[in-house]
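Next comes coords-v4.csv, with CSV, C-alpha atoms and all ligand atoms.
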chain,number,residue,atom,x,y,z
A,1436,MET,CA,95.2,127.1,136.4
A,1437,LEU,CA,95.1,127.6,132.6
A,1438,SER,CA,94.1,131.0,131.3
A,1439,TRP,CA,93.1,131.3,127.7
A,1440,ASP,CA,96.3,132.9,126.5
A,1441,LYS,CA,98.2,130.0,128.0
A,1442,THR,CA,96.2,127.4,126.2
A,1443,PRO,CA,98.7,125.4,124.2
A,1444,ALA,CA,98.4,125.5,120.4
A,1445,LEU,CA,97.2,122.3,118.8
A,1446,ALA,CA,100.6,121.9,117.3
A,1447,THR,CA,102.1,121.3,120.7
A,1448,ILE,CA,99.8,118.5,121.6
A,1449,ARG,CA,100.3,116.5,118.5
A,1450,GLN,CA,102.0,113.6,120.2
A,1451,CYS,CA,99.9,113.5,123.3
A,1452,ARG,CA,97.5,110.7,122.2
A,1453,ALA,CA,98.2,109.0,118.9
A,1454,TRP,CA,100.1,109.9,115.7
A,1455,VAL,CA,101.7,108.7,112.5
A,1456,GLU,CA,105.4,109.1,112.0
A,1457,ILE,CA,106.7,109.6,108.4
A,1458,ASP,CA,110.4,109.0,107.7
A,1459,LEU,CA,111.3,110.8,104.6
A,1460,GLU,CA,114.8,109.5,104.7
A,1461,ALA,CA,113.4,106.0,104.4
A,1462,LEU,CA,111.3,107.2,101.5
A,1463,GLN,CA,114.3,108.6,99.7
A,1464,HIS,CA,116.2,105.4,100.4
A,1465,ASN,CA,113.4,103.4,98.7
A,1466,VAL,CA,113.4,105.9,95.7
A,1467,ARG,CA,117.2,105.3,95.3
A,1468,GLN,CA,116.7,101.5,95.5
A,1469,LEU,CA,114.1,101.7,92.8
A,1470,THR,CA,116.0,104.1,90.5
A,1471,GLN,CA,119.1,101.9,90.8
A,1472,HIS,CA,117.1,98.8,90.1
A,1473,ILE,CA,115.4,100.2,86.9
A,1474,GLY,CA,118.5,101.9,85.6
A,1475,ALA,CA,119.1,105.2,83.9
A,1476,LYS,CA,117.0,104.5,80.8
A,1477,THR,CA,113.8,104.1,82.8
A,1478,THR,CA,112.0,106.9,84.6
A,1479,LEU,CA,110.5,106.5,88.0
A,1480,MET,CA,107.0,107.8,88.4
A,1481,ALA,CA,106.2,108.2,92.2
A,1482,VAL,CA,102.5,107.2,92.6
A,1483,VAL,CA,101.2,109.6,95.3
A,1484,LYS,CA,97.5,109.2,94.9
A,1485,ALA,CA,95.2,109.0,97.9
A,1486,ASP,CA,97.4,111.5,99.8
A,1487,ALA,CA,100.5,109.3,99.0
A,1488,TYR,CA,98.8,106.2,100.4
A,1489,GLY,CA,98.1,108.1,103.6
A,1490,HIS,CA,101.7,109.4,104.0
A,1491,GLY,CA,101.0,113.0,103.0
A,1492,ALA,CA,101.2,113.8,99.3
A,1493,ILE,CA,103.1,117.1,99.3
A,1494,ALA,CA,106.0,116.0,101.6
A,1495,ILE,CA,106.3,112.6,99.9
A,1496,ALA,CA,106.2,114.2,96.4
A,1497,ASP,CA,108.9,116.7,97.3
A,1498,ALA,CA,111.1,114.1,98.9
A,1499,ALA,CA,110.6,111.6,96.0
A,1500,LEU,CA,111.5,114.1,93.4
A,1501,ALA,CA,114.6,115.3,95.3
A,1502,ALA,CA,115.8,111.7,95.5
A,1503,GLY,CA,115.4,110.9,91.8
A,1504,ALA,CA,111.8,110.3,90.8
A,1505,ARG,CA,110.9,112.3,87.7
A,1506,TRP,CA,107.1,112.0,87.4
A,1507,LEU,CA,104.2,111.9,89.8
A,1508,GLY,CA,101.0,109.9,89.5
A,1509,VAL,CA,97.7,110.8,91.1
A,1510,ALA,CA,94.1,109.5,90.7
A,1511,THR,CA,92.1,112.6,90.6
A,1512,VAL,CA,92.2,116.2,89.4
A,1513,PRO,CA,92.1,117.8,92.9
A,1514,GLU,CA,95.0,115.6,93.9
A,1515,GLY,CA,97.0,117.0,91.1
A,1516,VAL,CA,95.9,120.6,91.9
A,1517,GLU,CA,97.0,120.2,95.5
A,1518,LEU,CA,100.6,119.4,94.3
A,1519,ARG,CA,100.7,122.3,91.9
A,1520,GLU,CA,99.4,124.7,94.5
A,1521,ALA,CA,102.3,123.5,96.7
A,1522,GLY,CA,104.7,124.7,94.0
A,1523,ILE,CA,105.6,121.3,92.5
A,1524,THR,CA,106.4,121.6,88.8
A,1525,ALA,CA,107.2,118.0,87.8
A,1526,PRO,CA,105.0,116.3,85.3
A,1527,ILE,CA,101.8,114.9,87.0
A,1528,MET,CA,99.8,112.2,85.3
A,1529,ILE,CA,96.2,111.6,86.4
A,1530,MET,CA,95.3,107.9,86.3
A,1531,GLY,CA,91.5,108.2,86.8
A,1532,ALA,CA,89.0,108.8,84.0
A,1533,ILE,CA,87.8,112.3,83.3
A,1534,ASN,CA,84.5,113.0,81.6
A,1535,SER,CA,83.5,116.6,82.5
A,1536,PRO,CA,84.6,119.8,80.7
A,1537,GLU,CA,85.1,121.5,84.1
A,1538,GLU,CA,87.8,118.9,84.9
A,1539,VAL,CA,89.4,119.5,81.4
A,1540,ALA,CA,89.6,123.2,82.2
A,1541,ALA,CA,91.3,122.5,85.5
A,1542,ILE,CA,93.7,120.1,83.9
A,1543,ALA,CA,94.7,122.7,81.3
A,1544,ARG,CA,94.9,125.5,83.9
A,1545,TRP,CA,97.2,123.5,86.2
A,1546,ARG,CA,99.2,121.7,83.5
A,1547,LEU,CA,98.2,118.2,84.5
A,1548,GLN,CA,98.3,115.3,82.1
A,1549,PRO,CA,95.2,113.2,81.8
A,1550,THR,CA,94.6,109.5,81.0
A,1551,LEU,CA,92.2,109.0,78.1
A,1552,VAL,CA,90.4,105.7,77.9
A,1553,SER,CA,88.1,106.0,74.8
A,1554,PRO,CA,87.6,108.1,71.7
A,1555,LYS,CA,84.4,109.5,73.3
A,1556,GLN,CA,86.5,110.8,76.2
A,1557,ALA,CA,89.1,112.3,73.8
A,1558,LEU,CA,86.3,114.3,72.1
A,1559,VAL,CA,85.2,115.7,75.5
A,1560,PHE,CA,88.8,117.0,75.8
A,1561,SER,CA,89.2,118.4,72.3
A,1562,GLU,CA,85.8,120.1,72.5
A,1563,ALA,CA,86.4,121.6,75.9
A,1564,LEU,CA,89.8,122.8,74.9
A,1565,GLY,CA,88.5,124.4,71.7
A,1566,GLN,CA,90.2,125.7,68.6
A,1567,GLY,CA,92.7,128.0,70.3
A,1568,SER,CA,94.8,125.3,72.0
A,1569,THR,CA,96.4,123.3,69.2
A,1570,GLY,CA,98.8,120.6,70.4
A,1571,THR,CA,99.1,121.9,73.9
A,1572,LEU,CA,97.8,119.1,76.0
A,1573,PRO,CA,99.9,116.0,76.6
A,1574,VAL,CA,97.7,113.0,77.0
A,1575,HIS,CA,98.2,109.3,78.0
A,1576,LEU,CA,96.2,106.6,76.2
A,1577,LYS,CA,95.2,103.7,78.4
A,1578,ILE,CA,94.8,100.3,76.9
A,1579,ASP,CA,92.9,97.5,78.6
A,1580,THR,CA,95.1,94.4,78.1
A,1581,GLY,CA,93.3,92.3,80.8
A,1582,MET,CA,92.6,94.3,83.9
A,1583,SER,CA,89.0,95.1,82.8
A,1584,ARG,CA,89.1,98.4,84.5
A,1585,LEU,CA,90.0,101.6,82.7
A,1586,GLY,CA,91.2,101.4,79.1
A,1587,PHE,CA,90.3,100.9,75.5
A,1588,PRO,CA,90.2,97.2,74.4
A,1589,TRP,CA,93.7,96.2,73.2
A,1590,GLN,CA,92.3,94.6,70.0
A,1591,GLN,CA,91.1,98.1,68.9
A,1592,ALA,CA,94.1,100.1,70.2
A,1593,THR,CA,95.3,101.2,66.8
A,1594,GLU,CA,91.9,102.8,65.9
A,1595,PHE,CA,91.9,104.6,69.3
A,1596,VAL,CA,95.5,106.0,68.8
A,1597,GLN,CA,94.7,107.1,65.2
A,1598,PHE,CA,91.5,108.8,66.4
A,1599,VAL,CA,93.3,110.8,69.1
A,1600,GLN,CA,96.2,111.7,66.7
A,1601,ARG,CA,93.7,113.4,64.4
A,1602,LEU,CA,92.6,115.8,67.2
A,1603,PRO,CA,94.8,118.9,67.0
A,1604,GLN,CA,94.4,119.9,70.6
A,1605,LEU,CA,95.9,116.7,72.0
A,1606,ASN,CA,99.4,115.4,72.0
A,1607,ILE,CA,99.9,111.7,72.7
A,1608,HIS,CA,102.6,111.4,75.3
A,1609,SER,CA,102.2,107.7,76.1
A,1610,VAL,CA,100.2,104.6,75.5
A,1611,TYR,CA,100.1,102.5,78.6
A,1612,SER,CA,98.4,99.6,80.4
A,1613,HIS,CA,98.0,98.2,83.9
A,1614,LEU,CA,98.6,94.6,85.1
A,1615,ALA,CA,96.1,92.7,87.1
A,1616,THR,CA,98.2,89.9,88.6
A,1617,ALA,CA,101.8,91.2,88.8
A,1618,ASP,CA,102.0,90.2,92.5
A,1619,ASP,CA,101.0,86.6,91.8
A,1620,PRO,CA,103.8,84.0,91.8
A,1621,ASP,CA,102.0,82.4,88.8
A,1622,PRO,CA,103.0,84.6,85.8
A,1623,THR,CA,100.5,83.3,83.3
A,1624,VAL,CA,98.0,86.2,83.2
A,1625,MET,CA,100.8,88.8,83.5
A,1626,CYS,CA,102.6,87.2,80.5
A,1627,GLN,CA,99.4,87.3,78.4
A,1628,GLN,CA,98.9,91.0,79.3
A,1629,HIS,CA,102.6,91.7,78.4
A,1630,GLN,CA,102.2,90.0,75.0
A,1631,ARG,CA,99.0,92.0,74.3
A,1632,TYR,CA,100.8,95.3,75.3
A,1633,GLU,CA,103.7,94.3,73.0
A,1634,ALA,CA,101.2,93.7,70.1
A,1635,VAL,CA,99.7,97.2,70.7
A,1636,LEU,CA,103.1,98.8,70.6
A,1637,ALA,CA,104.0,97.0,67.4
A,1638,GLN,CA,100.8,98.2,65.8
A,1639,VAL,CA,101.5,101.8,66.9
A,1640,ALA,CA,105.0,101.6,65.6
A,1641,ALA,CA,103.7,100.3,62.2
A,1642,GLN,CA,101.6,103.5,61.9
A,1643,ASN,CA,104.9,105.5,62.2
A,1644,ILE,CA,103.7,107.0,65.5
A,1645,THR,CA,106.5,107.6,68.0
A,1646,LEU,CA,105.7,107.5,71.7
A,1647,PRO,CA,107.8,109.5,74.2
A,1648,LYS,CA,106.8,107.0,76.9
A,1649,ARG,CA,105.7,103.5,77.2
A,1650,HIS,CA,104.8,102.1,80.6
A,1651,LEU,CA,103.2,99.0,82.1
A,1652,ALA,CA,104.7,98.3,85.5
A,1653,ASN,CA,103.4,98.9,89.0
A,1654,SER,CA,105.6,98.1,92.0
A,1655,ALA,CA,105.2,94.3,91.7
A,1656,ALA,CA,106.0,94.3,88.0
A,1657,THR,CA,109.0,96.6,88.7
A,1658,LEU,CA,110.4,94.1,91.1
A,1659,THR,CA,109.5,91.1,89.0
A,1660,ASP,CA,111.0,91.5,85.5
A,1661,PRO,CA,113.1,94.2,83.8
A,1662,ALA,CA,111.3,93.4,80.5
A,1663,LEU,CA,108.2,95.1,82.0
A,1664,HIS,CA,110.0,98.4,82.8
A,1665,TYR,CA,109.9,100.1,79.3
A,1666,ASP,CA,110.5,103.9,79.6
A,1667,MET,CA,108.8,104.4,82.9
A,1668,VAL,CA,107.5,102.5,85.9
A,1669,ARG,CA,104.6,103.6,88.1
A,1670,ALA,CA,105.6,102.6,91.7
A,1671,GLY,CA,103.4,103.2,94.7
A,1672,LEU,CA,103.6,100.6,97.4
A,1673,ALA,CA,107.4,99.9,97.1
A,1674,LEU,CA,108.1,103.7,97.6
A,1675,TYR,CA,106.4,103.4,101.0
A,1676,GLY,CA,108.7,100.4,101.9
A,1677,LEU,CA,106.3,97.5,101.6
A,1678,TYR,CA,106.6,94.5,99.3
A,1679,PRO,CA,103.6,93.7,97.0
A,1680,ALA,CA,104.0,90.0,97.8
A,1681,ALA,CA,106.2,87.9,100.1
A,1682,HIS,CA,108.0,86.2,97.2
A,1683,LEU,CA,109.2,89.7,96.0
A,1684,SER,CA,110.7,90.6,99.3
A,1685,SER,CA,114.3,89.6,98.5
A,1686,LYS,CA,114.5,91.8,95.5
A,1687,LEU,CA,115.4,95.2,97.1
A,1688,ALA,CA,116.1,96.3,100.6
A,1689,LEU,CA,113.1,98.6,101.2
A,1690,ARG,CA,112.4,100.5,104.5
A,1691,PRO,CA,108.9,101.2,105.8
A,1692,VAL,CA,108.2,104.9,105.8
A,1693,LEU,CA,105.2,105.0,108.1
A,1694,GLN,CA,104.9,104.1,111.8
A,1695,VAL,CA,101.8,104.4,114.0
A,1696,LYS,CA,102.2,105.2,117.7
A,1697,ALA,CA,99.9,106.0,120.6
A,1698,ARG,CA,100.2,106.6,124.3
A,1699,ILE,CA,98.9,104.5,127.2
A,1700,THR,CA,96.2,106.6,128.8
A,1701,HIS,CA,95.2,104.4,131.7
A,1702,ILE,CA,96.5,101.3,133.5
A,1703,LYS,CA,94.6,98.9,135.8
A,1704,GLU,CA,94.6,95.5,137.4
A,1705,ILE,CA,91.7,93.1,136.6
A,1706,GLN,CA,90.8,89.8,138.3
A,1707,PRO,CA,90.0,86.4,136.8
A,1708,GLY,CA,86.6,86.3,135.2
A,1709,THR,CA,86.6,90.0,134.3
A,1710,GLY,CA,85.4,90.8,130.8
A,1711,VAL,CA,87.1,93.4,128.6
A,1712,SER,CA,85.6,95.9,126.2
A,1713,TYR,CA,82.3,95.8,124.2
A,1714,GLY,CA,80.8,92.3,124.1
A,1715,HIS,CA,83.3,90.9,126.6
A,1716,THR,CA,84.9,88.9,123.8
A,1717,PHE,CA,87.9,88.7,126.1
A,1718,VAL,CA,87.6,87.4,129.7
A,1719,ALA,CA,90.6,87.3,132.0
A,1720,GLU,CA,91.7,83.9,133.1
A,1721,ARG,CA,94.2,85.1,135.7
A,1722,PRO,CA,95.0,88.4,137.4
A,1723,MET,CA,96.2,90.8,134.8
A,1724,GLN,CA,97.5,94.3,134.3
A,1725,ILE,CA,96.0,95.9,131.3
A,1726,ALA,CA,96.5,99.2,129.6
A,1727,VAL,CA,94.2,101.4,127.7
A,1728,VAL,CA,95.8,102.9,124.5
A,1729,GLY,CA,94.4,106.1,123.0
A,1730,ILE,CA,93.8,104.9,119.4
A,1731,GLY,CA,90.9,103.0,117.8
A,1732,TYR,CA,89.2,102.1,114.6
A,1733,ALA,CA,88.3,105.7,113.8
A,1734,ASP,CA,92.1,106.3,113.6
A,1735,GLY,CA,92.6,103.5,111.1
A,1736,VAL,CA,93.2,100.4,113.3
A,1737,PRO,CA,90.9,97.9,111.8
A,1738,ARG,CA,88.3,96.5,114.3
A,1739,ALA,CA,88.8,93.2,112.6
A,1740,LEU,CA,92.2,93.0,114.4
A,1741,SER,CA,90.4,92.7,117.8
A,1742,ASN,CA,92.0,90.0,119.9
A,1743,ARG,CA,94.3,89.1,117.1
A,1744,MET,CA,97.0,91.9,116.9
A,1745,GLU,CA,99.9,92.6,119.1
A,1746,VAL,CA,101.6,96.0,119.8
A,1747,LEU,CA,105.2,96.8,120.9
A,1748,VAL,CA,105.8,98.4,124.3
A,1749,GLN,CA,109.3,99.0,125.6
A,1750,GLY,CA,110.7,96.6,123.0
A,1751,GLN,CA,108.3,93.8,123.9
A,1752,HIS,CA,105.2,92.3,122.3
A,1753,ALA,CA,101.9,93.0,124.1
A,1754,PRO,CA,98.7,91.2,123.0
A,1755,GLN,CA,95.7,93.4,122.2
A,1756,ILE,CA,92.6,92.1,124.1
A,1757,GLY,CA,88.9,92.7,123.8
A,1758,ASN,CA,87.1,94.5,120.9
A,1759,ILE,CA,88.9,97.5,119.5
A,1760,THR,CA,86.7,100.5,120.1
A,1761,MET,CA,86.3,103.8,118.1
A,1762,ASP,CA,88.9,105.8,120.0
A,1763,GLN,CA,90.7,103.3,122.3
A,1764,LEU,CA,91.9,99.7,122.6
A,1765,MET,CA,93.2,97.6,125.5
A,1766,ILE,CA,96.4,95.6,125.7
A,1767,ASP,CA,97.8,93.0,128.1
A,1768,VAL,CA,100.9,94.4,129.9
A,1769,THR,CA,101.0,91.9,132.8
A,1770,HIS,CA,104.5,90.9,131.7
A,1771,ILE,CA,105.9,94.5,131.3
A,1772,PRO,CA,106.9,96.2,134.5
A,1773,HIS,CA,107.3,100.0,135.1
A,1774,LEU,CA,104.7,101.2,132.6
A,1775,GLN,CA,103.0,104.5,133.2
A,1776,GLU,CA,100.3,106.6,131.7
A,1777,GLY,CA,102.0,108.3,128.8
A,1778,SER,CA,104.2,105.4,127.8
A,1779,VAL,CA,104.4,105.1,124.0
A,1780,VAL,CA,103.0,102.0,122.2
A,1781,THR,CA,104.1,101.1,118.7
A,1782,LEU,CA,101.3,99.7,116.6
A,1783,LEU,CA,103.1,99.7,113.3
A,1784,GLY,CA,106.8,100.1,113.1
A,1785,GLN,CA,110.0,99.3,115.0
A,1786,ASP,CA,110.6,99.1,118.7
A,1787,GLY,CA,113.9,97.6,119.8
A,1788,GLU,CA,114.5,94.4,117.9
A,1789,HIS,CA,110.9,93.9,116.9
A,1790,HIS,CA,109.0,95.2,113.9
A,1791,ILE,CA,105.3,95.1,113.0
A,1792,GLY,CA,104.4,95.8,109.4
A,1793,ALA,CA,101.3,96.8,107.6
A,1794,ASP,CA,101.5,93.6,105.6
A,1795,HIS,CA,101.1,91.7,108.9
A,1796,TRP,CA,97.9,93.5,109.7
A,1797,ALA,CA,96.7,92.9,106.1
A,1798,MET,CA,97.3,89.2,106.5
A,1799,LEU,CA,95.5,89.1,109.8
A,1800,THR,CA,92.4,90.9,108.4
A,1801,ASN,CA,92.4,89.2,105.0
A,1802,THR,CA,93.1,92.4,103.0
A,1803,ILE,CA,96.2,94.0,101.4
A,1804,SER,CA,98.8,96.4,102.8
A,1805,TRP,CA,97.6,99.1,100.4
A,1806,GLU,CA,94.3,99.3,102.2
A,1807,ILE,CA,95.9,99.3,105.7
A,1808,LEU,CA,98.2,102.3,104.7
A,1809,CYS,CA,95.3,104.3,103.3
A,1810,GLY,CA,93.3,103.9,106.5
A,1811,PHE,CA,95.4,106.4,108.5
A,1812,LYS,CA,93.9,109.7,107.5
A,1813,HIS,CA,91.2,110.9,109.7
A,1814,ARG,CA,92.4,112.0,113.2
A,1815,LEU,CA,96.0,111.1,113.4
A,1816,PRO,CA,98.5,114.0,113.2
A,1817,ARG,CA,101.4,113.3,110.9
A,1818,ILE,CA,104.9,113.8,112.3
A,1819,THR,CA,107.3,114.0,109.4
A,1820,THR,CA,111.0,113.8,109.8
A,1821,ALA,CA,113.3,114.6,106.9
A,1822,PRO,CA,117.1,114.5,106.3
A,1823,SER,CA,118.5,117.9,107.4
A,1824,SER,CA,119.1,118.8,103.8
A,1825,MET,CA,115.4,118.9,103.3
A,1826,SER,CA,114.2,120.9,106.3
A,1827,SER,CA,112.0,123.0,103.9
A,1828,LEU,CA,109.8,119.9,103.6
A,1829,LEU,CA,109.0,120.1,107.3
A,1830,SER,CA,107.7,123.5,107.0
A,1831,SER,CA,105.3,122.5,104.3
A,1832,GLU,CA,104.2,119.6,106.6
A,1833,SER,CA,103.5,121.8,109.5
A,1834,ARG,CA,101.5,124.0,107.2
A,1835,GLU,CA,99.5,120.9,106.3
A,1836,TRP,CA,99.0,120.1,109.9
A,1837,ARG,CA,97.6,123.6,110.6
A,1838,ASP,CA,95.2,123.2,107.7
A,1839,ARG,CA,94.0,119.9,109.1
A,1840,ALA,CA,93.6,121.3,112.6
B,1901,LIG,C1,97.9,102.7,92.0
B,1901,LIG,C2,98.4,102.5,90.6
B,1901,LIG,C3,99.8,102.2,90.5
B,1901,LIG,C4,100.7,101.9,91.6
B,1901,LIG,O1,100.5,100.6,92.1
B,1901,LIG,P1,101.4,99.9,93.3
B,1901,LIG,O2,101.0,98.5,93.2
B,1901,LIG,O3,101.1,100.6,94.5
B,1901,LIG,O4,102.8,100.2,92.9
B,1901,LIG,C5,100.3,102.1,89.2
B,1901,LIG,N1,99.5,102.2,88.1
B,1901,LIG,C6,98.2,102.5,88.2
B,1901,LIG,C7,97.3,102.7,87.0
B,1901,LIG,C8,97.6,102.6,89.5
B,1901,LIG,O5,96.3,102.9,89.6

Can you turn what I pasted into structure tokens?
Amino acid sequence: MLSWDKTPALATIRQCRAWVEIDLEALQHNVRQLTQHIGAKTTLMAVVKADAYGHGAIAIADAALAAGARWLGVATVPEGVELREAGITAPIMIMGAINSPEEVAAIARWRLQPTLVSPKQALVFSEALGQGSTGTLPVHLKIDTGMSRLGFPWQQATEFVQFVQRLPQLNIHSVYSHLATADDPDPTVMCQQHQRYEAVLAQVAAQNITLPKRHLANSAATLTDPALHYDMVRAGLALYGLYPAAHLSSKLALRPVLQVKARITHIKEIQPGTGVSYGHTFVAERPMQIAVVGIGYADGVPRALSNRMEVLVQGQHAPQIGNITMDQLMIDVTHIPHLQEGSVVTLLGQDGEHHIGADHWAMLTNTISWEILCGFKHRLPRITTAPSSMSSLLSSESREWRDRA
């Protein structure tokens, strides 16, 4: 009988149902692969937006900085504040656009570094900062060279740079751009963007403006061509051990950082003709042993994988059958003896000789691995393992877990 004072803390039941495992040693291996690849003259910015692509921003940022990354990239002001509140002092660039004076105040307060995409936006900053803050805020000017997302048109980049230069509160730290097709084997569009960026840099140089940093490359461009590296690369996906495209997979030996695991909660025999799960999209053709696994689409397993994915159990593949439900899914384990309630199933990751990657799920569901990784954020506890030299990272992680719980 359980009395209240013997009720286990949430932290002790983290691995009873389903969880994400984060391997910081793999993350640091990837950081070292990338820093070796780009060389000492180029800085690695670890892109940790969206809670480090679902891996946990604080632990990933700490581990990436300890392994040789120098900058951090986030999308929003609160993402930057979260890192500062955790005690991280490295430069943090915000890649999203900012238009409100409240955000400008937070940026100044927390020493974050914003992206500016237009003269109008630069004025919001200089007015919000006021007269008293001459030259204090490093800013990054974004030029649109063909992505047609954020950025001032490349043809008018010089006017934009000159405009910001005249604002005493702002200090131009970089002029950068972003590539739309760096993961495409056909380099045509990327080359055009590269040429436009070169033209912008030449115009800036002709104005006698020196830039501390020039940067253009995401993970794909970092792997594709050293001419795209400039002073800094902004790597996200590769940090997490995935390749932006199959043709780039031979460039570096990256290791996936994230695994997704869950436990079998129930096992049963079903007879031929028995339908499985909502809609009976799977009907048994033979006697089967099936297992219910305690993970579903609310945990980040896309429902579109129903009847298409496989999981790993005791080093063997087991097909998933029937529609994936919100909290549970079913697998065919007829060929795997000695399974029990509580046995661990690997959905993404390594079990024995087999590995299932986020890129495989992305291919099956016609999306990209970035979106698969970002899907694990709601209900799955995160179990982070670090090299013993970094045990302090684990304490920050358990603090994070308590906050989530
Ligand atoms: C997200 C992002 C990156 C990182 O892209 P990856 O393909 O994950 O390496 C780099 N730059 C900008 C502007 C981004 O928004």

- Length of the atom CA of Ala1793 of chain A to atom CA of Cys1809 of chain A vector [Å]: 10.5 Å

Do you know which residues lie at most 10 Å from (100.5, 89.9, 89.6), with coordinates as in the file and only C-alpha atoms counted, and could you write them as a tab-separated table (two decimals) with C-alpha atoms, in the coordinates of the input?
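To be explicit, this is the file written out as result.tsv:
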chain	number	residue	atom	x	y	z
A	1614	LEU	CA	98.60	94.60	85.10
A	1615	ALA	CA	96.10	92.70	87.10
A	1616	THR	CA	98.20	89.90	88.60
A	1617	ALA	CA	101.80	91.20	88.80
A	1618	ASP	CA	102.00	90.20	92.50
A	1619	ASP	CA	101.00	86.60	91.80
A	1620	PRO	CA	103.80	84.00	91.80
A	1621	ASP	CA	102.00	82.40	88.80
A	1622	PRO	CA	103.00	84.60	85.80
A	1623	THR	CA	100.50	83.30	83.30
A	1624	VAL	CA	98.00	86.20	83.20
A	1625	MET	CA	100.80	88.80	83.50
A	1626	CYS	CA	102.60	87.20	80.50
A	1653	ASN	CA	103.40	98.90	89.00
A	1654	SER	CA	105.60	98.10	92.00
A	1655	ALA	CA	105.20	94.30	91.70
A	1656	ALA	CA	106.00	94.30	88.00
A	1659	THR	CA	109.50	91.10	89.00
A	1679	PRO	CA	103.60	93.70	97.00
A	1680	ALA	CA	104.00	90.00	97.80

- Task: Please identify the residues whose atoms come within 6 Å of ligand LIG 1901 (chain B), using only C-alpha atoms and all ligand atoms, and report them as a list in words.
- Result: Val1482, Met1530, His1613, Asn1653, Ser1654, Arg1669, Ala1670, Gly1671 and Leu1672 of chain A

Store the residues of this selection in a file with C-alpha atoms, as a PDB file, in the coordinates of the input.
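In the end it all went to out-v5.pdb:
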ATOM      1  CA  VAL A1482     102.500 107.200  92.600  1.00  0.00           C
ATOM      2  CA  MET A1530      95.300 107.900  86.300  1.00  0.00           C
ATOM      3  CA  HIS A1613      98.000  98.200  83.900  1.00  0.00           C
ATOM      4  CA  ASN A1653     103.400  98.900  89.000  1.00  0.00           C
ATOM      5  CA  SER A1654     105.600  98.100  92.000  1.00  0.00           C
ATOM      6  CA  ARG A1669     104.600 103.600  88.100  1.00  0.00           C
ATOM      7  CA  ALA A1670     105.600 102.600  91.700  1.00  0.00           C
ATOM      8  CA  GLY A1671     103.400 103.200  94.700  1.00  0.00           C
ATOM      9  CA  LEU A1672     103.600 100.600  97.400  1.00  0.00           C
TER      10      LEU A1672
END

- Write out as a list in words which residues come within 7 Å of segment 1537-1540 of chain A when counting all atoms listed in the file, dropping same-chain ones fewer than 2 positions away. Val1512, Ile1533, Ser1535, Ile1542, Ala1543, Arg1544, Phe1560 and Ala1563 of chain A

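You will find atom CA of Phe1598 of chain A at 24.3 Å from atom CA of Met1667 of chain A.
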
- Task: Determine, counting all atoms listed in the file, which protein, DNA and RNA residues have an atom within 8 Å of an atom of Tyr1611 of chain A; residues of the same chain fewer than 4 positions away are not included. Present the result as an NGL selection string.
- Result: :A and (1575-1578 or 1632 or 1649-1651)

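Taking atom CA of Pro1707 of chain A and atom CA of Gly1777 of chain A as endpoints, the distance between them is 26.2 Å.
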
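Distances from A:His1773, A:Arg1584, A:Lys1696, A:Arg1743 to Asp1786 of chain A were compared using only C-alpha atoms, and the smallest one belongs to A:Lys1696.
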